[in-house]
>>> print(open('work02.cif').read())   # mmCIF, C-alpha atoms
data_model
#
loop_
_atom_site.label_atom_id
_atom_site.label_comp_id
_atom_site.auth_asym_id
_atom_site.auth_seq_id
_atom_site.Cartn_x
_atom_site.Cartn_y
_atom_site.Cartn_z
CA MET A 122 83.84 33.60 -6.28
CA LEU A 123 80.55 34.77 -7.84
CA ARG A 124 79.82 33.96 -11.42
CA SER A 125 79.20 36.98 -13.58
CA LEU A 126 75.81 36.92 -15.24
CA SER A 127 75.25 38.20 -18.72
CA VAL A 128 71.89 40.04 -18.81
CA LYS A 129 70.46 41.49 -21.99
CA TYR A 130 68.47 44.68 -21.42
CA SER A 131 65.96 46.05 -23.87
CA PRO A 132 66.66 49.69 -24.73
CA LEU A 133 62.93 50.39 -24.33
CA LEU A 134 62.89 49.20 -20.73
CA THR A 135 66.16 50.55 -19.36
CA ARG A 136 68.07 53.72 -18.90
CA ILE A 137 71.62 54.17 -17.65
CA ARG A 138 72.40 56.09 -14.50
CA PRO A 139 75.80 57.76 -14.07
CA GLY A 140 78.19 55.03 -13.05
CA GLY A 141 76.77 52.59 -15.56
CA ARG A 142 73.93 51.14 -13.47
CA ALA A 143 70.81 50.18 -15.40
CA LEU A 144 67.31 51.23 -14.25
CA SER A 145 63.95 50.22 -15.68
CA SER A 146 62.22 52.94 -17.62
CA GLN A 147 58.98 50.97 -17.93
CA PRO A 148 56.00 53.14 -16.85
CA THR A 149 54.86 52.46 -13.28
CA SER A 150 51.37 51.69 -14.52
CA SER A 151 52.67 48.82 -16.64
CA LEU A 152 55.11 47.17 -14.28
CA GLY A 153 52.78 44.19 -14.08
CA CYS A 154 51.63 42.23 -11.05
CA LEU A 155 53.26 39.92 -8.58
CA PRO A 156 53.16 36.28 -9.66
CA THR A 157 49.90 34.45 -8.78
CA THR A 158 48.25 37.72 -7.63
CA ASP A 159 46.45 40.74 -9.03
CA SER A 160 48.58 43.07 -6.92
CA PRO A 161 50.20 45.71 -9.19
CA VAL A 162 53.92 46.37 -8.83
CA VAL A 163 54.86 49.93 -7.81
CA SER A 164 58.15 51.66 -7.16
CA LYS A 165 56.98 53.96 -4.38
CA LEU A 166 57.25 52.83 -0.75
CA ALA A 167 53.85 53.48 0.79
CA PHE A 168 51.97 52.08 3.78
CA PHE A 169 48.21 52.33 4.06
CA ASN A 170 45.73 52.20 6.92
CA SER A 171 42.39 52.90 5.28
CA VAL A 172 40.15 51.01 2.88
CA THR A 173 39.02 54.30 1.34
CA GLY A 174 42.46 54.99 -0.11
CA ASP A 175 42.73 58.56 1.20
CA ASP A 176 42.76 57.94 4.97
CA SER A 177 39.17 59.18 5.29
CA LYS A 178 36.59 57.29 7.34
CA ILE A 179 34.09 54.93 5.75
CA PRO A 180 30.84 56.90 5.22
CA SER A 181 27.46 55.97 6.72
CA TYR A 182 24.48 55.68 4.39
CA ARG A 183 21.34 57.55 5.46
CA VAL A 184 17.92 58.39 4.00
CA LEU A 185 16.14 60.30 6.80
CA ASP A 186 17.69 62.87 9.10
CA GLY A 187 16.88 63.00 12.81
CA PHE A 188 13.65 64.88 12.09
CA GLY A 189 12.36 62.32 9.59
CA ILE A 190 13.15 64.50 6.59
CA PRO A 191 14.82 62.88 3.55
CA ILE A 192 18.34 64.23 3.15
CA GLU A 193 19.50 65.79 -0.09
CA GLY A 194 20.12 63.22 -2.81
CA ALA A 195 18.64 60.33 -0.80
CA GLU A 196 16.57 57.71 -2.57
CA VAL A 197 13.42 57.25 -0.52
CA PRO A 198 12.06 53.74 -1.13
CA GLU A 199 8.65 53.57 -2.74
CA ILE A 200 6.48 52.24 0.06
CA SER A 201 2.74 52.45 0.52
CA GLU A 202 1.00 53.91 3.53
CA GLN A 203 -0.07 50.42 4.53
CA PHE A 204 3.52 49.13 4.43
CA ALA A 205 4.78 52.15 6.38
CA ARG A 206 2.17 51.50 9.05
CA ARG A 207 3.28 47.90 9.28
CA LEU A 208 6.88 49.00 9.76
CA TYR A 209 5.90 51.46 12.46
CA GLU A 210 3.58 49.11 14.33
CA ASN A 211 6.27 46.45 14.51
CA MET A 212 8.82 48.99 15.69
CA GLN A 213 6.41 50.12 18.44
CA LEU A 214 5.59 46.54 19.41
CA LEU A 215 9.20 45.86 20.45
CA PRO A 216 9.43 48.40 23.32
CA THR A 217 5.89 47.48 24.40
CA LEU A 218 6.92 43.85 24.68
CA ASP A 219 10.21 44.80 26.33
CA ASN A 220 8.58 47.02 28.97
CA ILE A 221 6.26 44.27 30.13
CA LEU A 222 8.63 41.29 30.01
CA TYR A 223 11.47 43.24 31.63
CA ASN A 224 9.19 44.00 34.58
CA VAL A 225 7.90 40.42 34.59
CA GLN A 226 11.48 39.22 35.01
CA ARG A 227 11.99 41.65 37.89
CA GLN A 228 8.93 40.09 39.53
CA GLY A 229 10.62 36.68 39.32
CA LYS A 230 8.09 35.19 36.89
CA ILE A 231 10.71 34.51 34.19
CA SER A 232 14.41 33.95 34.74
CA PHE A 233 15.99 36.26 32.18
CA TYR A 234 15.28 38.85 29.48
CA MET A 235 17.02 41.03 26.89
CA THR A 236 15.52 44.14 25.32
CA SER A 237 15.77 45.76 21.88
CA TYR A 238 15.56 49.36 23.12
CA GLY A 239 17.14 51.73 20.60
CA GLU A 240 17.66 49.07 17.93
CA GLU A 241 14.12 48.85 16.58
CA ALA A 242 14.97 50.29 13.17
CA ALA A 243 17.94 47.98 12.66
CA VAL A 244 15.88 44.87 13.40
CA ILE A 245 12.58 45.75 11.69
CA GLY A 246 14.24 47.42 8.69
CA SER A 247 16.29 44.27 8.11
CA ALA A 248 13.27 42.00 8.52
CA ALA A 249 11.31 44.03 5.97
CA ALA A 250 14.08 43.72 3.37
CA LEU A 251 14.38 39.93 3.60
CA ALA A 252 12.21 37.27 2.02
CA ASP A 253 10.10 35.46 4.61
CA ASP A 254 11.80 32.17 3.71
CA ASP A 255 15.36 33.46 3.92
CA GLU A 256 17.19 31.55 6.66
CA VAL A 257 17.87 33.73 9.71
CA LEU A 258 20.49 32.98 12.35
CA ALA A 259 20.05 35.54 15.10
CA GLN A 260 21.91 36.56 18.21
CA TYR A 261 19.72 37.88 21.04
CA ARG A 262 17.77 40.99 20.04
CA GLU A 263 16.07 39.89 16.82
CA VAL A 264 12.63 38.79 18.02
CA GLY A 265 11.35 41.58 15.75
CA VAL A 266 12.26 39.45 12.73
CA LEU A 267 10.01 36.67 14.02
CA LEU A 268 7.18 39.09 14.79
CA TRP A 269 7.45 40.55 11.28
CA ARG A 270 7.08 37.03 9.86
CA GLY A 271 3.93 36.31 11.84
CA PHE A 272 5.30 34.72 15.01
CA SER A 273 2.51 35.30 17.55
CA LEU A 274 2.77 36.99 20.94
CA ASP A 275 1.42 33.77 22.47
CA ARG A 276 4.46 31.93 21.10
CA VAL A 277 6.79 34.63 22.42
CA MET A 278 5.30 34.17 25.88
CA ALA A 279 5.37 30.38 25.57
CA GLN A 280 9.11 30.50 24.97
CA CYS A 281 9.88 33.00 27.73
CA PHE A 282 7.72 31.14 30.27
CA GLY A 283 8.73 27.67 29.04
CA THR A 284 5.15 26.41 28.72
CA HIS A 285 3.97 23.25 26.97
CA GLU A 286 3.17 25.38 23.90
CA ASP A 287 6.84 26.24 23.43
CA SER A 288 8.28 24.44 20.40
CA GLY A 289 11.52 24.08 22.36
CA LYS A 290 9.61 22.31 25.15
CA GLY A 291 10.82 24.76 27.77
CA ARG A 292 14.43 23.67 27.53
CA GLN A 293 15.93 27.01 26.54
CA MET A 294 16.34 30.13 28.64
CA PRO A 295 14.06 33.06 27.73
CA VAL A 296 14.56 35.04 24.46
CA HIS A 297 16.34 32.08 22.85
CA PHE A 298 13.78 31.70 20.10
CA GLY A 299 13.61 29.30 17.19
CA SER A 300 10.99 28.44 14.59
CA THR A 301 11.34 26.05 11.67
CA GLN A 302 8.09 27.39 10.25
CA HIS A 303 9.52 30.92 10.11
CA HIS A 304 13.01 29.87 8.93
CA PHE A 305 14.48 31.21 12.16
CA HIS A 306 17.27 29.01 13.51
CA GLN A 307 17.45 28.31 17.23
CA ILE A 308 19.34 30.98 19.16
CA SER A 309 22.18 29.73 21.33
CA SER A 310 23.90 31.56 24.19
CA PRO A 311 27.58 31.09 23.25
CA LEU A 312 28.65 34.27 21.50
CA ALA A 313 29.18 34.30 17.71
CA THR A 314 28.65 30.58 17.10
CA GLN A 315 25.88 31.45 14.63
CA ILE A 316 28.30 33.27 12.29
CA PRO A 317 30.24 30.31 10.82
CA GLN A 318 27.02 28.28 10.99
CA ALA A 319 25.37 30.86 8.74
CA ALA A 320 28.17 30.52 6.20
CA GLY A 321 27.44 26.79 6.14
CA VAL A 322 23.71 27.41 5.74
CA GLY A 323 24.46 29.77 2.86
CA TYR A 324 26.59 27.13 1.19
CA ALA A 325 23.80 24.57 1.62
CA LEU A 326 21.37 26.98 -0.05
CA ARG A 327 23.79 27.40 -2.93
CA ARG A 328 23.90 23.62 -3.42
CA ASP A 329 20.11 23.26 -3.34
CA PRO A 330 18.70 23.60 -6.89
CA GLU A 331 15.29 24.66 -5.57
CA ARG A 332 16.65 27.49 -3.39
CA ARG A 333 19.77 28.50 -5.28
CA SER A 334 19.49 32.13 -6.44
CA LYS A 335 16.28 32.40 -4.43
CA ASN A 336 17.26 32.54 -0.76
CA VAL A 337 20.10 33.80 1.40
CA ALA A 338 21.36 32.95 4.85
CA CYS A 339 21.18 36.04 7.05
CA VAL A 340 23.15 36.26 10.29
CA PHE A 341 22.76 38.94 12.96
CA PHE A 342 25.47 39.75 15.49
CA GLY A 343 26.85 42.63 17.52
CA GLU A 344 30.20 44.32 17.27
CA GLY A 345 31.26 42.46 20.41
CA ALA A 346 30.64 39.12 18.68
CA ALA A 347 32.76 40.36 15.79
CA SER A 348 35.74 40.29 18.16
CA GLU A 349 35.39 36.51 18.41
CA GLY A 350 37.34 34.17 16.16
CA ASP A 351 34.05 32.73 14.90
CA PHE A 352 33.38 36.00 13.08
CA HIS A 353 36.54 35.66 11.02
CA ALA A 354 35.94 31.96 10.41
CA GLY A 355 32.47 32.72 9.08
CA MET A 356 33.63 35.60 6.89
CA LEU A 357 36.47 33.52 5.47
CA LEU A 358 34.23 30.54 4.76
CA ALA A 359 31.48 32.59 3.11
CA SER A 360 33.93 34.56 0.95
CA THR A 361 36.17 31.76 -0.27
CA LEU A 362 33.72 28.95 -1.01
CA PRO A 363 31.67 31.26 -1.62
CA SER A 364 28.04 31.40 -0.41
CA PRO A 365 25.06 33.80 -0.38
CA THR A 366 25.44 34.82 3.25
CA LEU A 367 24.31 38.23 4.45
CA PHE A 368 26.23 39.42 7.51
CA LEU A 369 24.21 41.99 9.48
CA ALA A 370 26.23 43.61 12.25
CA ARG A 371 24.37 45.65 14.87
CA ASN A 372 27.04 48.02 16.14
CA ASN A 373 25.25 49.32 19.23
CA GLY A 374 28.35 50.68 20.93
CA PHE A 375 28.78 48.14 23.72
CA ALA A 376 29.88 44.54 24.15
CA ILE A 377 28.05 44.22 27.48
CA SER A 378 30.15 46.78 29.39
CA THR A 379 33.02 47.25 26.94
CA PRO A 380 32.54 50.32 24.71
CA SER A 381 33.38 49.96 21.03
CA SER A 382 36.29 52.39 21.48
CA GLN A 383 38.02 49.67 23.50
CA GLN A 384 37.08 46.78 21.19
CA TYR A 385 39.00 47.77 18.05
CA TYR A 386 41.34 50.47 16.78
CA GLY A 387 40.49 50.41 13.07
CA ASP A 388 37.53 51.95 11.28
CA SER A 389 34.97 49.68 12.91
CA LEU A 390 33.64 46.47 11.35
CA SER A 391 33.12 47.79 7.82
CA ALA A 392 36.87 48.00 7.32
CA ARG A 393 37.10 44.22 7.69
CA GLY A 394 34.77 43.32 4.84
CA PRO A 395 37.11 44.26 1.94
CA GLY A 396 39.85 42.22 3.62
CA TYR A 397 37.76 39.15 2.82
CA GLY A 398 36.76 40.41 -0.63
CA ILE A 399 33.21 41.07 0.59
CA ASP A 400 30.97 43.90 -0.60
CA THR A 401 30.39 46.12 2.42
CA ILE A 402 28.26 49.08 3.47
CA ARG A 403 27.89 51.07 6.68
CA VAL A 404 24.39 52.37 7.35
CA ASP A 405 22.66 54.56 9.92
CA GLY A 406 21.02 51.84 11.96
CA ASN A 407 18.47 54.23 13.46
CA ASP A 408 17.04 55.03 10.03
CA VAL A 409 14.60 52.24 9.18
CA LEU A 410 14.39 53.24 5.50
CA ALA A 411 18.18 53.34 5.11
CA VAL A 412 18.48 49.93 6.76
CA MET A 413 15.79 48.51 4.51
CA ASN A 414 17.47 49.90 1.37
CA ALA A 415 20.92 48.65 2.40
CA VAL A 416 19.79 45.15 3.37
CA LYS A 417 17.63 44.83 0.27
CA GLU A 418 20.57 45.75 -1.97
CA GLY A 419 22.89 43.50 0.04
CA ARG A 420 20.49 40.61 -0.43
CA ARG A 421 20.34 41.28 -4.18
CA ARG A 422 24.12 41.18 -4.40
CA CYS A 423 24.22 37.93 -2.42
CA LEU A 424 21.83 36.26 -4.84
CA GLU A 425 23.22 37.64 -8.09
CA GLY A 426 26.87 37.17 -7.22
CA GLY A 427 26.46 34.11 -5.02
CA ARG A 428 28.82 35.74 -2.54
CA ALA A 429 28.70 37.16 0.97
CA VAL A 430 27.84 40.78 1.83
CA LEU A 431 28.48 42.70 5.06
CA VAL A 432 26.12 45.42 6.33
CA GLU A 433 27.17 47.34 9.45
CA MET A 434 24.25 49.09 11.16
CA MET A 435 25.36 51.91 13.46
CA THR A 436 22.97 52.22 16.39
CA TYR A 437 22.96 52.63 20.17
CA ARG A 438 21.94 50.19 22.88
CA VAL A 439 19.59 52.26 25.02
CA GLY A 440 18.73 49.44 27.40
CA HIS A 441 20.93 47.43 29.69
CA HIS A 442 22.69 44.44 28.12
CA SER A 443 20.25 42.13 29.87
CA THR A 444 18.39 41.77 33.15
CA SER A 445 21.72 40.61 34.60
CA ASP A 446 23.34 43.97 33.85
CA ASP A 447 23.26 47.52 35.23
CA SER A 448 24.72 49.66 32.45
CA PHE A 449 24.83 52.77 34.63
CA ALA A 450 27.83 51.23 36.34
CA TYR A 451 29.88 51.91 33.20
CA ARG A 452 28.07 54.74 31.39
CA GLY A 453 26.30 57.89 32.49
CA ARG A 454 22.54 57.92 32.87
CA GLN A 455 22.44 61.31 31.14
CA GLU A 456 24.27 59.89 28.12
CA VAL A 457 21.49 57.35 27.66
CA GLU A 458 18.71 59.91 28.17
CA ASP A 459 20.31 62.23 25.63
CA ARG A 460 20.52 59.52 23.00
CA LYS A 461 16.89 58.55 23.58
CA LYS A 462 15.81 62.13 22.93
CA ILE A 463 18.22 63.09 20.13
CA ASP A 464 18.34 59.93 18.02
CA ASN A 465 15.26 57.82 18.63
CA PRO A 466 14.61 55.52 15.62
CA ILE A 467 10.87 55.26 16.37
CA THR A 468 10.43 59.02 16.66
CA ARG A 469 12.35 59.59 13.44
CA PHE A 470 10.10 57.32 11.40
CA ARG A 471 6.95 58.64 13.09
CA LEU A 472 7.91 62.18 12.01
CA PHE A 473 8.41 60.93 8.46
CA MET A 474 4.94 59.33 8.48
CA GLU A 475 3.35 62.47 9.91
CA SER A 476 4.95 64.55 7.17
CA ARG A 477 3.23 62.29 4.62
CA GLY A 478 -0.12 62.58 6.36
CA TRP A 479 -0.04 58.89 7.27
CA TRP A 480 -0.08 59.27 11.06
CA ASP A 481 -1.39 61.53 13.80
CA LYS A 482 -1.48 61.86 17.57
CA THR A 483 -4.80 60.06 17.95
CA GLU A 484 -3.56 57.01 16.03
CA GLU A 485 -0.38 57.04 18.14
CA GLU A 486 -2.35 56.80 21.37
CA GLU A 487 -4.66 54.12 19.99
CA LEU A 488 -1.73 52.03 18.75
CA LYS A 489 0.14 52.12 22.05
CA SER A 490 -3.00 51.20 23.97
CA ARG A 491 -3.81 48.32 21.63
CA LEU A 492 -0.28 46.89 21.62
CA LYS A 493 -0.06 47.03 25.41
CA GLN A 494 -3.37 45.22 25.74
CA ASP A 495 -2.29 42.56 23.22
CA VAL A 496 0.94 41.87 25.08
CA LEU A 497 -0.78 41.79 28.48
CA THR A 498 -3.41 39.37 27.19
CA SER A 499 -0.75 36.95 25.97
CA PHE A 500 1.21 37.37 29.20
CA LYS A 501 -1.77 36.59 31.41
CA ARG A 502 -2.62 33.58 29.29
CA ALA A 503 0.93 32.22 29.53
CA GLU A 504 0.82 32.46 33.31
CA THR A 505 -2.01 29.92 33.36
CA LEU A 506 -0.33 27.33 31.14
CA LYS A 507 1.48 24.30 32.48
CA LYS A 508 5.05 23.25 31.73
CA PRO A 509 5.73 20.49 29.15
CA ASP A 510 5.30 16.86 30.18
CA LEU A 511 7.99 15.85 32.66
CA ALA A 512 8.70 12.87 30.40
CA GLU A 513 10.05 15.32 27.80
CA LEU A 514 13.10 15.64 30.00
CA PHE A 515 14.44 12.47 28.35
CA SER A 516 13.26 12.92 24.76
CA ASP A 517 14.63 14.37 21.51
CA VAL A 518 18.32 13.81 22.15
CA TYR A 519 18.86 10.29 20.79
CA ALA A 520 17.16 8.51 17.92
CA GLU A 521 17.14 5.40 20.10
CA GLU A 522 17.19 5.85 23.85
CA PRO A 523 20.52 4.48 25.24
CA TRP A 524 20.69 2.30 28.32
CA ASN A 525 21.95 5.02 30.69
CA ILE A 526 19.13 7.42 29.82
CA ARG A 527 16.63 4.59 30.11
CA GLU A 528 17.95 3.78 33.59
CA GLN A 529 17.74 7.43 34.68
CA ARG A 530 14.16 7.69 33.44
CA LYS A 531 13.18 4.53 35.33
CA GLU A 532 14.92 5.78 38.45
CA LEU A 533 13.01 9.08 38.37
CA ALA A 534 9.74 7.24 37.72
CA GLY A 535 10.39 5.07 40.78
CA LEU A 536 11.09 8.08 42.97
CA LEU A 537 7.92 9.79 41.81
CA GLU A 538 5.88 6.68 42.50
CA LYS A 539 7.35 6.45 45.98
CA TYR A 540 7.31 10.09 47.06
CA GLY A 541 5.27 12.03 44.50
CA GLN A 542 1.93 11.67 46.30
CA VAL A 543 3.19 11.81 49.88
CA TRP A 544 5.91 14.48 50.01
CA GLU A 545 4.33 17.91 49.86
CA PRO A 546 7.16 19.75 47.96
CA TRP A 547 6.95 17.18 45.14
CA GLN A 548 3.18 17.21 45.20
CA ASN A 549 3.23 20.95 44.52
CA ASP A 550 6.03 20.81 41.94
CA LEU A 551 4.39 18.07 39.91
CA LYS A 552 1.26 20.15 39.46
CA ILE A 553 3.06 22.64 37.19
CA PHE A 554 3.71 19.92 34.57
CA LYS A 555 1.10 19.11 31.96
CA ASP A 556 1.21 15.38 32.73
CA GLU A 557 2.00 15.84 36.45
CA GLY A 558 4.72 13.26 35.95
CA LYS A 559 2.28 10.45 35.19
CA LYS A 560 3.67 9.64 31.71
CA LEU A 561 6.99 8.61 33.23
CA ALA A 562 5.31 5.58 34.72
CA ASP A 563 3.86 4.48 31.35
#
>>> encode(input="work02.cif", output="structure tokens")
Amino acid sequence: MLRSLSVKYSPLLTRIRPGGRALSSQPTSSLGCLPTTDSPVVSKLAFFNSVTGDDSKIPSYRVLDGFGIPIEGAEVPEISEQFARRLYENMQLLPTLDNILYNVQRQGKISFYMTSYGEEAAVIGSAAALADDDEVLAQYREVGVLLWRGFSLDRVMAQCFGTHEDSGKGRQMPVHFGSTQHHFHQISSPLATQIPQAAGVGYALRRDPERRSKNVACVFFGEGAASEGDFHAGMLLASTLPSPTLFLARNNGFAISTPSSQQYYGDSLSARGPGYGIDTIRVDGNDVLAVMNAVKEGRRRCLEGGRAVLVEMMTYRVGHHSTSDDSFAYRGRQEVEDRKKIDNPITRFRLFMESRGWWDKTEEEELKSRLKQDVLTSFKRAETLKKPDLAELFSDVYAEEPWNIREQRKELAGLLEKYGQVWEPWQNDLKIFKDEGKKLAD
């Protein structure tokens, strides 16, 4: 038998329904919150499926329209003619580099390549908004960040060709760049691994008195990578610890062959940011000035709040995923051609510069000719360089060389001594190494 409970109701908080049942008359706005949360109590049953609160889509921030004209109410950043030219030259350098190295790969001179076609504004606009000593953890298409920071074309070629000038000593596949000097962490092939790593880098910056409130960790990734668990791990880590980590998502419409319409059902990646308590913005990724404004403000929020920020850059991958892909197997050729003509980020910014009197047709032709010659010069030079010393095959992994590696090195040295000067295939192969294998015998 249930015990009857004696409950004392305040006349200010209750009213009596017919039948003697008591109901709270406390205003909905003052019903309080659930224990241990800031979630207000309400009496109305309501589901939601939008972070905007009214079921509308998250808006996309833009400064320039497709014709390079500032849209009504837009805040055009105050940039000089010199800075605008630097932006444009770096944007034009990317397709120049891509055209040559893509063809070089097709000739069999390098093993692999990935282009930045169509995403020039997203990459260069982001690079321009960051400090040169902010830590960058990239995915695949961010060589523009390195070029903006002064990474030379000779070093680009050294990495892609794996020459002895490559800081990675030829161990990585092409376009997997890294540079301690330029605060650009080594790219790795496994998808999305850089995202939780960036959250850790951001936390390390926060703990460093000399870099706290000065630098952020910036991580680039595509919308396909955001479908990996690593994305959520990184967002959770950066939001709860928290850390000044700037998440820059390049939503280019495809995860290799999977269109974004098949990757998620919600309102794209921007809808995920508020779920982690992260300030978020969606920006037109083909508008270099909008990207620069958004990333600059995101960086400011990271530093002032010490917390993560998410910027989703909406763009379109004009090129194939990589030299291992033929995108026309899963999308129409006309679709790509239309996007190149209608929404070209380089054309949009060129029109803006022309409207300011900062650019003309003659300068356009001169720039393209100069950039092509610069890239070809570095390419031809790289073709003449030798590979790193063969002895480097065994270095840089262990602080002290273990017995098994030592035995393998000695075994290879013995084979080279026995066959290296008498077997023609090895004679030819050894010539491509800087030391021709001789340091192994030392």
>>> resolve_selection(input="work02.cif", expression="the PyMOL selection byres ((chain A and resi 234) around 12)", output="compact mmCIF listing (two decimals) with C-alpha atoms, keeping the file's coordinate frame")
# COMPACT_ATOMS: atom_id res chain seq x y z
CA LEU A 218 6.92 43.85 24.68
CA ASP A 219 10.21 44.80 26.33
CA ASN A 220 8.58 47.02 28.97
CA ILE A 221 6.26 44.27 30.13
CA LEU A 222 8.63 41.29 30.01
CA TYR A 223 11.47 43.24 31.63
CA ASN A 224 9.19 44.00 34.58
CA VAL A 225 7.90 40.42 34.59
CA GLN A 226 11.48 39.22 35.01
CA ARG A 227 11.99 41.65 37.89
CA GLN A 228 8.93 40.09 39.53
CA GLY A 229 10.62 36.68 39.32
CA LYS A 230 8.09 35.19 36.89
CA ILE A 231 10.71 34.51 34.19
CA SER A 232 14.41 33.95 34.74
CA PHE A 233 15.99 36.26 32.18
CA MET A 235 17.02 41.03 26.89
CA THR A 236 15.52 44.14 25.32
CA SER A 237 15.77 45.76 21.88
CA TYR A 261 19.72 37.88 21.04
CA ARG A 262 17.77 40.99 20.04
CA VAL A 264 12.63 38.79 18.02
CA VAL A 277 6.79 34.63 22.42
CA MET A 278 5.30 34.17 25.88
CA GLN A 280 9.11 30.50 24.97
CA CYS A 281 9.88 33.00 27.73
CA PHE A 282 7.72 31.14 30.27
CA MET A 294 16.34 30.13 28.64
CA PRO A 295 14.06 33.06 27.73
CA VAL A 296 14.56 35.04 24.46
CA HIS A 297 16.34 32.08 22.85
CA PHE A 298 13.78 31.70 20.10
CA GLY A 440 18.73 49.44 27.40
CA HIS A 441 20.93 47.43 29.69
CA HIS A 442 22.69 44.44 28.12
CA SER A 443 20.25 42.13 29.87
CA THR A 444 18.39 41.77 33.15
CA SER A 445 21.72 40.61 34.60
CA ASP A 446 23.34 43.97 33.85
>>> resolve_selection(input="work02.cif", expression="the PyMOL selection byres ((chain A and resi 473) around 10)", output="count of residues only")
20
>>> atom_distance(input="work02.cif", atom1="CA of Gly426 (chain A)", atom2="CA of Gly394 (chain A)")
15.7 Å
>>> residues_near_point(input="work02.cif", point="(26.3, 53.0, 31.6)", cutoff="12 Å", atoms="all atoms listed in the file", output="list in words")
Gly374, Phe375, Ala376, Ile377, Ser378, Thr379, Pro380, Tyr437, Arg438, Val439, Gly440, His441, His442, Asp446, Asp447, Ser448, Phe449, Ala450, Tyr451, Arg452, Gly453, Arg454, Gln455, Glu456, Val457 and Glu458 of chain A
>>> resolve_selection(input="work02.cif", expression="the PyMOL selection byres ((chain A and resi 255) around 6)", output="ChimeraX atom specification")
/A:252-254,256,336-337
>>> atom_distance(input="work02.cif", atom1="CA of Asp464 (chain A)", atom2="CA of Trp269 (chain A)")
23.2 Å
>>> closest_residue(input="work02.cif", among="A:Leu369, A:Leu561, A:Ala320, A:Ala338", to="His304 (chain A)", atoms="all atoms listed in the file")
A:Ala338
>>> axis_aligned_box(input="work02.cif", around="region 421-430 of chain A", padding_each_side="8 Å", output="JSON")
{"center_x": 24.6, "center_y": 37.7, "center_z": -3.1, "size_x": 24.5, "size_y": 23.2, "size_z": 25.9}
>>> closest_residue(input="work02.cif", among="A:Thr284, A:Ser360, A:Thr483, A:Ser348", to="Ala503 (chain A)", atoms="all atoms listed in the file")
A:Thr284
>>> closest_residue(input="work02.cif", among="A:Tyr386, A:Tyr519, A:Tyr182, A:Tyr324", to="Met413 (chain A)", atoms="only C-alpha atoms")
A:Tyr182
>>> residues_around(input="work02.cif", residues="Leu208 (chain A)", least_positions_apart="4", cutoff="7 Å", atoms="all atoms listed in the file", output="list of chain:residue names")
A:Phe204, A:Met212, A:Ile245
>>> atom_distance(input="work02.cif", atom1="CA of Ile402 (chain A)", atom2="CA of Gly174 (chain A)")
15.8 Å
>>> closest_residue(input="work02.cif", among="A:Ser288, A:Ser181, A:Thr157, A:Ser151", to="Ala411 (chain A)", atoms="only C-alpha atoms")
A:Ser181
>>> residues_near_point(input="work02.cif", point="(13.5, 15.0, 30.8)", cutoff="12 Å", atoms="all atoms listed in the file", output="list in words")
Lys290, Gly291, Arg292, Lys508, Pro509, Asp510, Leu511, Ala512, Glu513, Leu514, Phe515, Ser516, Asp517, Val518, Ile526, Arg527, Gln529, Arg530, Lys531, Leu533, Ala534, Phe554, Gly558, Lys560 and Leu561 of chain A
>>> closest_residue(input="work02.cif", among="A:Ala347, A:Ala429, A:Gly398, A:Val409", to="Ala359 (chain A)", atoms="only C-alpha atoms")
A:Ala429
>>> residues_around(input="work02.cif", residues="Glu210 (chain A)", least_positions_apart="4", cutoff="8 Å", atoms="all atoms listed in the file", output="list in words")
Arg206, Leu214 and Leu488 of chain A
